[in-house]
file start22.tsv (TSV, C-alpha atoms)
chain	number	residue	atom	x	y	z
A	1	MET	CA	78.34	112.38	133.82
A	2	LYS	CA	74.80	112.14	132.50
A	3	ARG	CA	73.46	114.64	135.00
A	4	PHE	CA	75.59	117.36	133.42
A	5	LEU	CA	74.17	116.79	129.96
A	6	VAL	CA	70.91	118.64	130.62
A	7	PRO	CA	72.44	121.91	131.95
A	8	LEU	CA	75.08	121.73	129.25
A	9	GLY	CA	72.39	121.32	126.60
A	10	ILE	CA	70.41	124.25	127.99
A	11	PHE	CA	73.57	126.33	128.10
A	12	LEU	CA	74.40	125.55	124.48
A	13	VAL	CA	70.89	126.36	123.24
A	14	LEU	CA	70.92	129.64	125.18
A	15	SER	CA	74.34	130.57	123.80
A	16	VAL	CA	73.15	130.02	120.26
A	17	PHE	CA	70.10	132.22	120.84
A	18	LEU	CA	72.18	134.96	122.45
A	19	ALA	CA	74.82	134.80	119.71
A	20	VAL	CA	72.15	135.21	117.03
A	21	GLY	CA	70.57	137.99	119.07
A	22	LEU	CA	73.86	139.87	119.18
A	23	LYS	CA	74.03	139.92	115.39
A	24	LEU	CA	70.49	141.20	114.88
A	25	ASP	CA	70.22	144.93	114.42
A	26	PRO	CA	67.05	146.25	116.02
A	27	ARG	CA	67.26	149.33	113.82
A	28	GLU	CA	66.69	147.23	110.73
A	29	VAL	CA	62.95	147.38	110.63
A	30	PRO	CA	61.55	145.37	107.73
A	31	SER	CA	59.82	147.88	105.50
A	32	PRO	CA	56.25	147.13	104.53
A	33	LEU	CA	56.79	149.32	101.47
A	34	ILE	CA	58.81	146.75	99.53
A	35	ASP	CA	56.91	145.70	96.39
A	36	LYS	CA	54.39	148.48	96.91
A	37	PRO	CA	53.99	151.44	94.55
A	38	ALA	CA	56.12	154.41	95.56
A	39	PRO	CA	53.77	156.84	97.40
A	40	PRO	CA	52.93	159.68	95.03
A	41	PHE	CA	53.98	163.25	95.75
A	42	GLN	CA	54.57	166.44	93.85
A	43	LEU	CA	57.14	168.66	95.54
A	44	ALA	CA	59.06	171.75	94.58
A	45	GLN	CA	62.54	171.14	93.24
A	46	LEU	CA	65.43	172.19	95.40
A	47	ARG	CA	67.29	174.27	92.85
A	48	ASP	CA	64.29	175.52	90.94
A	49	PRO	CA	61.31	175.91	93.30
A	50	GLY	CA	59.11	176.87	90.38
A	51	LYS	CA	59.27	173.33	89.04
A	52	THR	CA	58.05	170.18	90.75
A	53	LEU	CA	59.26	166.62	90.98
A	54	GLY	CA	57.33	163.44	91.73
A	55	PRO	CA	57.56	159.70	91.13
A	56	GLY	CA	54.99	160.09	88.38
A	57	ASP	CA	57.59	161.97	86.28
A	58	LEU	CA	59.99	159.04	86.48
A	59	LYS	CA	57.77	156.22	85.22
A	60	GLY	CA	59.54	153.99	82.73
A	61	LYS	CA	62.99	154.16	84.27
A	62	VAL	CA	64.74	152.51	87.15
A	63	TRP	CA	65.88	155.10	89.69
A	64	ILE	CA	67.42	155.43	93.09
A	65	PHE	CA	65.66	157.60	95.62
A	66	ASN	CA	67.85	158.93	98.39
A	67	VAL	CA	66.56	160.80	101.43
A	68	TRP	CA	69.13	163.30	102.69
A	69	ALA	CA	69.58	166.50	104.64
A	70	SER	CA	72.38	168.95	105.27
A	71	TRP	CA	71.98	168.43	109.04
A	72	CYS	CA	72.36	164.69	108.68
A	73	VAL	CA	75.79	163.51	109.77
A	74	ALA	CA	75.42	159.95	108.50
A	75	CYS	CA	74.61	161.32	105.04
A	76	LEU	CA	78.19	162.53	104.72
A	77	GLN	CA	79.33	158.97	105.29
A	78	GLU	CA	77.58	157.63	102.19
A	79	HIS	CA	77.87	160.76	100.12
A	80	PRO	CA	81.19	160.05	98.32
A	81	LEU	CA	79.76	156.69	97.29
A	82	LEU	CA	76.70	158.33	95.76
A	83	VAL	CA	78.80	160.94	93.98
A	84	GLU	CA	80.95	158.16	92.55
A	85	LEU	CA	77.85	156.19	91.50
A	86	SER	CA	76.40	159.21	89.74
A	87	ARG	CA	79.63	159.64	87.76
A	88	GLN	CA	79.28	156.11	86.42
A	89	ASN	CA	75.93	157.02	84.87
A	90	LEU	CA	74.47	153.60	85.62
A	91	VAL	CA	71.26	154.75	87.24
A	92	PRO	CA	69.85	158.19	88.02
A	93	ILE	CA	69.74	159.22	91.66
A	94	TYR	CA	66.93	161.48	92.78
A	95	GLY	CA	67.04	163.11	96.19
A	96	LEU	CA	64.48	163.96	98.81
A	97	ASN	CA	65.79	166.84	100.83
A	98	TYR	CA	64.20	166.03	104.16
A	99	LYS	CA	63.23	168.75	106.69
A	100	ASP	CA	65.97	171.05	105.57
A	101	GLY	CA	66.37	174.66	104.50
A	102	ARG	CA	66.98	175.53	100.84
A	103	ASP	CA	70.07	177.63	101.49
A	104	ASN	CA	71.68	175.05	103.77
A	105	ALA	CA	70.88	172.26	101.35
A	106	LEU	CA	72.33	174.05	98.33
A	107	LYS	CA	75.45	175.02	100.25
A	108	TRP	CA	75.88	171.41	101.36
A	109	LEU	CA	75.65	170.17	97.76
A	110	ASP	CA	78.19	172.77	96.61
A	111	THR	CA	80.60	171.70	99.32
A	112	HIS	CA	80.28	167.93	99.08
A	113	GLY	CA	79.25	167.39	95.46
A	114	ASN	CA	75.85	166.80	93.93
A	115	PRO	CA	75.07	163.23	92.92
A	116	TYR	CA	71.38	163.98	92.35
A	117	THR	CA	69.78	164.45	88.96
A	118	LEU	CA	67.18	166.45	90.89
A	119	SER	CA	66.18	166.87	94.49
A	120	ALA	CA	62.71	167.53	95.82
A	121	MET	CA	62.14	169.60	98.94
A	122	ASP	CA	60.20	167.93	101.73
A	123	ALA	CA	60.41	170.81	104.18
A	124	ASP	CA	57.76	169.59	106.63
A	125	GLY	CA	58.64	165.89	106.36
A	126	ARG	CA	55.15	164.93	105.22
A	127	VAL	CA	56.40	162.91	102.22
A	128	GLY	CA	59.04	161.35	104.48
A	129	ILE	CA	56.25	159.93	106.61
A	130	ASP	CA	54.62	158.40	103.52
A	131	TYR	CA	57.91	156.70	102.72
A	132	GLY	CA	58.30	155.44	106.26
A	133	VAL	CA	61.45	157.49	106.79
A	134	TYR	CA	62.70	157.41	110.37
A	135	GLY	CA	66.46	157.50	110.07
A	136	VAL	CA	68.01	159.71	107.42
A	137	PRO	CA	69.69	158.72	105.13
A	138	GLU	CA	67.41	156.19	103.55
A	139	THR	CA	67.70	154.84	100.04
A	140	TYR	CA	65.12	153.19	97.80
A	141	VAL	CA	65.40	151.41	94.49
A	142	ILE	CA	62.30	152.03	92.38
A	143	ASP	CA	61.55	150.08	89.21
A	144	LYS	CA	60.13	151.10	85.84
A	145	ASN	CA	56.56	150.68	87.05
A	146	GLY	CA	57.14	152.93	90.04
A	147	VAL	CA	57.29	150.03	92.53
A	148	ILE	CA	59.70	150.13	95.48
A	149	ARG	CA	61.98	147.10	95.22
A	150	PHE	CA	64.58	147.78	97.88
A	151	LYS	CA	65.05	149.99	100.89
A	152	GLN	CA	68.21	150.74	102.82
A	153	ILE	CA	67.91	152.43	106.20
A	154	GLY	CA	71.02	154.29	107.21
A	155	PRO	CA	74.06	154.99	105.03
A	156	VAL	CA	74.67	152.95	101.90
A	157	THR	CA	77.89	151.00	102.32
A	158	PRO	CA	80.13	149.82	99.46
A	159	LYS	CA	79.07	146.28	100.33
A	160	VAL	CA	75.34	147.02	100.08
A	161	LEU	CA	75.90	148.93	96.84
A	162	GLU	CA	77.94	146.16	95.20
A	163	GLU	CA	76.00	143.19	96.50
A	164	LYS	CA	72.43	144.41	96.62
A	165	ILE	CA	71.70	147.71	94.91
A	166	LEU	CA	73.71	147.41	91.70
A	167	PRO	CA	72.74	143.78	90.90
A	168	LEU	CA	69.10	144.68	91.52
A	169	VAL	CA	69.33	147.79	89.31
A	170	ARG	CA	70.91	145.75	86.50
A	171	LYS	CA	68.20	143.11	86.80
A	172	LEU	CA	65.44	145.71	86.79
A	173	GLN	CA	66.91	147.55	83.82
A	174	GLY	CA	66.77	144.20	81.99
B	1	MET	CA	53.86	189.92	160.06
B	2	LYS	CA	56.78	189.45	157.70
B	3	ARG	CA	55.94	185.78	157.36
B	4	ILE	CA	52.33	186.51	156.47
B	5	ILE	CA	53.41	188.92	153.79
B	6	ALA	CA	55.80	186.32	152.39
B	7	VAL	CA	53.04	183.69	152.23
B	8	LEU	CA	50.68	186.19	150.61
B	9	LEU	CA	53.32	186.99	148.02
B	10	MET	CA	53.78	183.30	147.26
B	11	VAL	CA	50.04	182.83	146.85
B	12	LEU	CA	49.99	185.81	144.52
B	13	ALA	CA	52.70	184.12	142.42
B	14	LEU	CA	50.68	180.90	141.94
B	15	PRO	CA	48.63	181.99	138.92
B	16	ALA	CA	51.91	182.38	137.05
B	17	TYR	CA	52.16	178.58	136.84
B	18	ALA	CA	48.56	177.99	135.95
B	19	ASN	CA	48.89	178.40	132.22
B	20	GLU	CA	52.06	176.44	131.65
B	21	ALA	CA	50.91	173.05	130.33
B	22	ALA	CA	48.34	174.09	127.80
B	23	PRO	CA	47.35	171.15	125.60
B	24	ALA	CA	48.57	171.28	122.03
B	25	ALA	CA	45.01	171.06	120.77
B	26	GLN	CA	42.37	173.10	122.51
B	27	ASP	CA	40.13	170.06	122.83
B	28	PRO	CA	41.10	167.97	125.90
B	29	VAL	CA	38.99	164.99	124.79
B	30	LEU	CA	40.82	164.85	121.48
B	31	GLU	CA	44.15	165.31	123.20
B	32	GLN	CA	43.38	162.36	125.46
B	33	ARG	CA	42.55	160.23	122.43
B	34	VAL	CA	45.82	161.26	120.80
B	35	MET	CA	47.73	160.31	123.95
B	36	ARG	CA	45.97	156.97	124.25
B	37	LEU	CA	46.68	155.95	120.66
B	38	THR	CA	50.24	157.25	120.50
B	39	SER	CA	51.15	155.45	123.71
B	40	GLU	CA	50.49	152.22	121.81
B	41	LEU	CA	52.78	153.24	118.95
B	42	ARG	CA	56.52	152.87	119.00
B	43	CYS	CA	58.80	155.77	118.28
B	44	LEU	CA	61.14	154.42	115.62
B	45	VAL	CA	63.94	156.84	116.33
B	46	CYS	CA	64.17	155.92	120.01
B	47	GLN	CA	62.83	152.43	119.94
B	48	ASN	CA	62.12	151.90	123.60
B	49	GLN	CA	59.80	154.86	123.88
B	50	SER	CA	56.26	155.27	122.72
B	51	LEU	CA	55.31	158.08	120.40
B	52	ALA	CA	53.45	159.70	123.27
B	53	ASP	CA	56.56	159.80	125.47
B	54	SER	CA	59.08	160.76	122.85
B	55	HIS	CA	60.19	164.25	121.96
B	56	ALA	CA	62.13	163.18	118.89
B	57	ASP	CA	61.39	165.29	115.82
B	58	LEU	CA	59.76	162.44	113.98
B	59	ALA	CA	57.65	161.50	117.00
B	60	ILE	CA	56.31	165.03	117.20
B	61	ASP	CA	55.54	165.00	113.48
B	62	LEU	CA	53.75	161.69	113.83
B	63	LYS	CA	51.80	162.91	116.85
B	64	ASN	CA	50.66	165.90	114.81
B	65	GLN	CA	49.76	163.52	112.02
B	66	VAL	CA	47.65	161.43	114.42
B	67	ARG	CA	45.98	164.56	115.77
B	68	SER	CA	45.11	165.97	112.38
B	69	GLN	CA	43.79	162.63	111.17
B	70	MET	CA	41.59	162.41	114.26
B	71	GLN	CA	40.35	165.91	113.60
B	72	ALA	CA	39.52	164.75	110.08
B	73	GLY	CA	37.31	162.06	111.63
B	74	LYS	CA	39.51	159.01	111.13
B	75	SER	CA	39.04	156.10	113.53
B	76	ASP	CA	41.85	154.72	115.72
B	77	ALA	CA	41.96	151.57	113.59
B	78	GLU	CA	42.36	153.60	110.41
B	79	ILE	CA	45.22	155.61	111.91
B	80	ARG	CA	46.91	152.46	113.16
B	81	GLU	CA	46.62	151.07	109.63
B	82	PHE	CA	48.17	154.26	108.25
B	83	MET	CA	51.18	153.79	110.54
B	84	VAL	CA	51.57	150.08	109.83
B	85	ALA	CA	51.45	150.70	106.06
B	86	ARG	CA	54.48	152.98	106.43
B	87	TYR	CA	56.51	151.61	109.30
B	88	GLY	CA	55.36	147.98	109.54
B	89	ASP	CA	53.98	145.99	112.47
B	90	PHE	CA	57.03	147.12	114.39
B	91	VAL	CA	55.34	150.42	115.28
B	92	LEU	CA	52.70	148.56	117.23
B	93	TYR	CA	53.59	147.72	120.80
B	94	ARG	CA	50.90	145.05	120.65
B	95	PRO	CA	51.83	142.99	117.60
B	96	PRO	CA	48.97	141.40	115.64
B	97	LEU	CA	48.54	137.62	115.62
B	98	LYS	CA	49.93	136.42	112.28
B	99	SER	CA	51.92	133.44	111.07
B	100	THR	CA	55.18	135.31	111.65
B	101	THR	CA	54.22	136.34	115.18
B	102	ALA	CA	52.53	133.07	116.19
B	103	LEU	CA	55.59	131.92	118.13
B	104	LEU	CA	55.70	135.23	119.97
B	105	TRP	CA	52.14	134.83	121.17
B	106	ALA	CA	52.22	131.08	121.77
B	107	GLY	CA	55.77	130.97	123.18
B	108	PRO	CA	54.96	131.55	126.85
B	109	PHE	CA	52.22	128.91	126.77
B	110	LEU	CA	54.54	126.45	125.02
B	111	LEU	CA	57.16	127.07	127.71
B	112	LEU	CA	54.54	126.57	130.42
B	113	ALA	CA	53.43	123.28	128.83
B	114	ALA	CA	57.04	122.12	128.53
B	115	GLY	CA	57.66	123.00	132.17
B	116	GLY	CA	54.48	121.17	133.23
B	117	LEU	CA	55.50	118.08	131.28
B	118	ALA	CA	58.98	118.12	132.79
B	119	LEU	CA	57.52	118.46	136.28
B	120	GLY	CA	55.05	115.58	135.72
B	121	PHE	CA	57.82	113.40	134.36
B	122	TYR	CA	60.06	114.15	137.33
B	123	LEU	CA	57.31	113.50	139.89
B	124	ARG	CA	56.44	110.16	138.30
B	125	ARG	CA	60.03	109.04	138.35
B	126	ARG	CA	60.37	110.14	141.96
B	127	ARG	CA	57.29	108.20	143.03
B	128	LYS	CA	58.58	105.10	141.25
B	129	ARG	CA	61.90	105.37	143.01
B	130	LEU	CA	60.17	105.74	146.37
B	131	THR	CA	57.92	102.70	145.91
B	132	GLU	CA	60.79	100.65	144.57
B	133	SER	CA	62.85	101.31	147.65
B	134	GLU	CA	60.17	99.90	149.94
B	135	LEU	CA	61.33	97.09	152.20
B	136	THR	CA	60.48	93.43	151.76
B	137	PRO	CA	58.62	91.82	154.72
B	138	GLU	CA	61.80	90.06	155.86
B	139	GLN	CA	63.81	93.30	155.81
B	140	ARG	CA	61.05	95.06	157.67
B	141	ALA	CA	60.95	92.35	160.36
B	142	ARG	CA	64.70	92.57	160.74
B	143	ALA	CA	64.66	96.32	160.97
B	144	GLU	CA	61.92	96.23	163.57
B	145	ALA	CA	63.83	93.66	165.61
B	146	LEU	CA	66.92	95.86	165.50
B	147	LEU	CA	65.02	98.98	166.49
B	148	HIS	CA	63.27	97.10	169.28
B	149	ALA	CA	66.51	95.77	170.65
B	150	ARG	CA	68.03	99.17	170.59
B	151	ARG	CA	65.12	100.79	172.37
B	152	GLU	CA	65.35	98.20	175.12
B	153	GLY	CA	69.02	98.79	175.39
B	154	GLN	CA	68.39	102.51	175.79
B	155	THR	CA	65.84	102.14	178.58
B	156	ARG	CA	68.17	100.01	180.54

call {"tool": "encode", "arguments": {"input": "start22.tsv", "output": "structure tokens"}}
result
Amino acid sequence: MKRFLVPLGIFLVLSVFLAVGLKLDPREVPSPLIDKPAPPFQLAQLRDPGKTLGPGDLKGKVWIFNVWASWCVACLQEHPLLVELSRQNLVPIYGLNYKDGRDNALKWLDTHGNPYTLSAMDADGRVGIDYGVYGVPETYVIDKNGVIRFKQIGPVTPKVLEEKILPLVRKLQG
Amino acid sequence: MKRIIAVLLMVLALPAYANEAAPAAQDPVLEQRVMRLTSELRCLVCQNQSLADSHADLAIDLKNQVRSQMQAGKSDAEIREFMVARYGDFVLYRPPLKSTTALLWAGPFLLLAAGGLALGFYLRRRRKRLTESELTPEQRARAEALLHARREGQTR
């Protein structure tokens, strides 16, 4: 009987490790940008290229920064949620239109609704690199001092919105 | 004669291939440096490829970024820092030794030590069992007598 205890023990330990490993998502890379100032930029606005938008303009308010593109399929998944959130007027959502064309982007917003107070155009993806973007959509919560407090890689789900983003926004708005 | 003409034609066609793989930057030394550094960086879109191997959009952007930073005179360490500041230690295929990665680095040695200990323990127990099972002088004498008798019986 005793001789089976050792293999059984090893088996159990291995199973626990494998079970935990199954639940880990390798795409969830911990962002080093959390609690760092949002990287500065000054980009042309999507609708009005003559004007610019940057994090410097938004100091003093809590805002959500959402990276999106008209070619991005997963963006459609979260889009109704963002539109709904923007209707509630709880927190402004600013967009970064990532490696997209102006015409396509505007058409996409007309078709699916525009949750963004403003969107900035990052045509060459240079600002995306500064924000560590590697899988559009990505969503950041930025506080009144312009510090990144939260980052979601991939579509925002109702669960993430209810349990993480909204409580954090309320806390930051004080 | 026909064959010779065919071979000549093929040889004539060779220069057509010569220009195909022109390096993205005109400077081969720089290009080699770009390749060396980007092969140590992970492509985050396709996580099991290095930036050097990947043709994902982002990987190409990042390669261009590395190239232009090198052209601007940045050192490899500075560029690595630039990447880590944006994408975290995860972009490095060789993770740095920190408190969070200590187990990763020490793990194999810990496993080796554990295996060594287990082996030593087993060998000691085995030796003890072997010495314990040694015969007493009386048993030995009896066994010898038995063996002797048997051998005599066989020769008969």

call {"tool": "residues_around", "arguments": {"input": "start22.tsv", "residues": "Ile93 in chain A", "least_positions_apart": "6", "cutoff": "12 Å", "atoms": "only C-alpha atoms", "output": "mmCIF file with C-alpha atoms, in the frame of the given file"}}
result
data_model
loop_
_atom_site.group_PDB
_atom_site.id
_atom_site.type_symbol
_atom_site.label_atom_id
_atom_site.label_comp_id
_atom_site.auth_asym_id
_atom_site.auth_seq_id
_atom_site.Cartn_x
_atom_site.Cartn_y
_atom_site.Cartn_z
ATOM 1 C CA LEU A 58 59.990 159.040 86.480
ATOM 2 C CA LYS A 61 62.990 154.160 84.270
ATOM 3 C CA VAL A 62 64.740 152.510 87.150
ATOM 4 C CA TRP A 63 65.880 155.100 89.690
ATOM 5 C CA ILE A 64 67.420 155.430 93.090
ATOM 6 C CA PHE A 65 65.660 157.600 95.620
ATOM 7 C CA ASN A 66 67.850 158.930 98.390
ATOM 8 C CA VAL A 67 66.560 160.800 101.430
ATOM 9 C CA TRP A 68 69.130 163.300 102.690
ATOM 10 C CA HIS A 79 77.870 160.760 100.120
ATOM 11 C CA LEU A 81 79.760 156.690 97.290
ATOM 12 C CA LEU A 82 76.700 158.330 95.760
ATOM 13 C CA VAL A 83 78.800 160.940 93.980
ATOM 14 C CA GLU A 84 80.950 158.160 92.550
ATOM 15 C CA LEU A 85 77.850 156.190 91.500
ATOM 16 C CA SER A 86 76.400 159.210 89.740
ATOM 17 C CA ARG A 87 79.630 159.640 87.760
ATOM 18 C CA ASN A 114 75.850 166.800 93.930
ATOM 19 C CA PRO A 115 75.070 163.230 92.920
ATOM 20 C CA TYR A 116 71.380 163.980 92.350
ATOM 21 C CA THR A 117 69.780 164.450 88.960
ATOM 22 C CA LEU A 118 67.180 166.450 90.890
ATOM 23 C CA SER A 119 66.180 166.870 94.490
ATOM 24 C CA ALA A 120 62.710 167.530 95.820
ATOM 25 C CA THR A 139 67.700 154.840 100.040
ATOM 26 C CA TYR A 140 65.120 153.190 97.800
ATOM 27 C CA VAL A 141 65.400 151.410 94.490
ATOM 28 C CA ILE A 142 62.300 152.030 92.380
ATOM 29 C CA VAL A 169 69.330 147.790 89.310
#

call {"tool": "interface_residues", "arguments": {"input": "start22.tsv", "of": "chain B", "to": "chain A", "cutoff": "6 Å", "atoms": "only C-alpha atoms", "output": "list in words"}}
result
Arg86, Tyr87 and Gly88 of chain B

call {"tool": "residues_near_point", "arguments": {"input": "start22.tsv", "point": "(52.8, 161.3, 89.1)", "cutoff": "8 Å", "atoms": "only C-alpha atoms", "output": "MDAnalysis selection string"}}
result
chainID A and resid 40:42 54:58

call {"tool": "residues_around", "arguments": {"input": "start22.tsv", "residues": "Leu51 in chain B", "least_positions_apart": "4", "cutoff": "7 Å", "atoms": "only C-alpha atoms", "output": "ChimeraX atom specification"}}
result
/B:38-39,41-43,59,63

call {"tool": "atom_distance", "arguments": {"input": "start22.tsv", "atom1": "CA of Ala113 in chain B", "atom2": "CA of Ile10 in chain A"}}
result
17.0 Å

call {"tool": "closest_residue", "arguments": {"input": "start22.tsv", "among": "A:Leu90, A:Leu43, A:Val20, A:Leu109", "to": "Trp71 in chain A", "atoms": "only C-alpha atoms"}}
result
A:Leu109

call {"tool": "residues_around", "arguments": {"input": "start22.tsv", "residues": "Leu106 in chain A", "least_positions_apart": "3", "cutoff": "9 Å", "atoms": "all atoms listed in the file", "output": "list in words"}}
result
Leu46, Arg47, Ser70, Gly101, Arg102, Asp103, Leu109, Asp110 and Thr111 of chain A

call {"tool": "atom_distance", "arguments": {"input": "start22.tsv", "atom1": "CA of Arg80 in chain B", "atom2": "CA of Leu104 in chain B"}}
result
20.5 Å

call {"tool": "atom_distance", "arguments": {"input": "start22.tsv", "atom1": "CA of Val147 in chain A", "atom2": "CA of Ala38 in chain A"}}
result
5.5 Å

call {"tool": "closest_residue", "arguments": {"input": "start22.tsv", "among": "A:Pro137, A:Gly21, A:Pro80, A:Gly50", "to": "Gly113 in chain A", "atoms": "all atoms listed in the file"}}
result
A:Pro80

call {"tool": "axis_aligned_box", "arguments": {"input": "start22.tsv", "around": "range 7-24 of chain A", "padding_each_side": "6 Å", "output": "JSON"}}
result
{"center_x": 72.6, "center_y": 131.3, "center_z": 123.4, "size_x": 17.0, "size_y": 31.9, "size_z": 29.1}
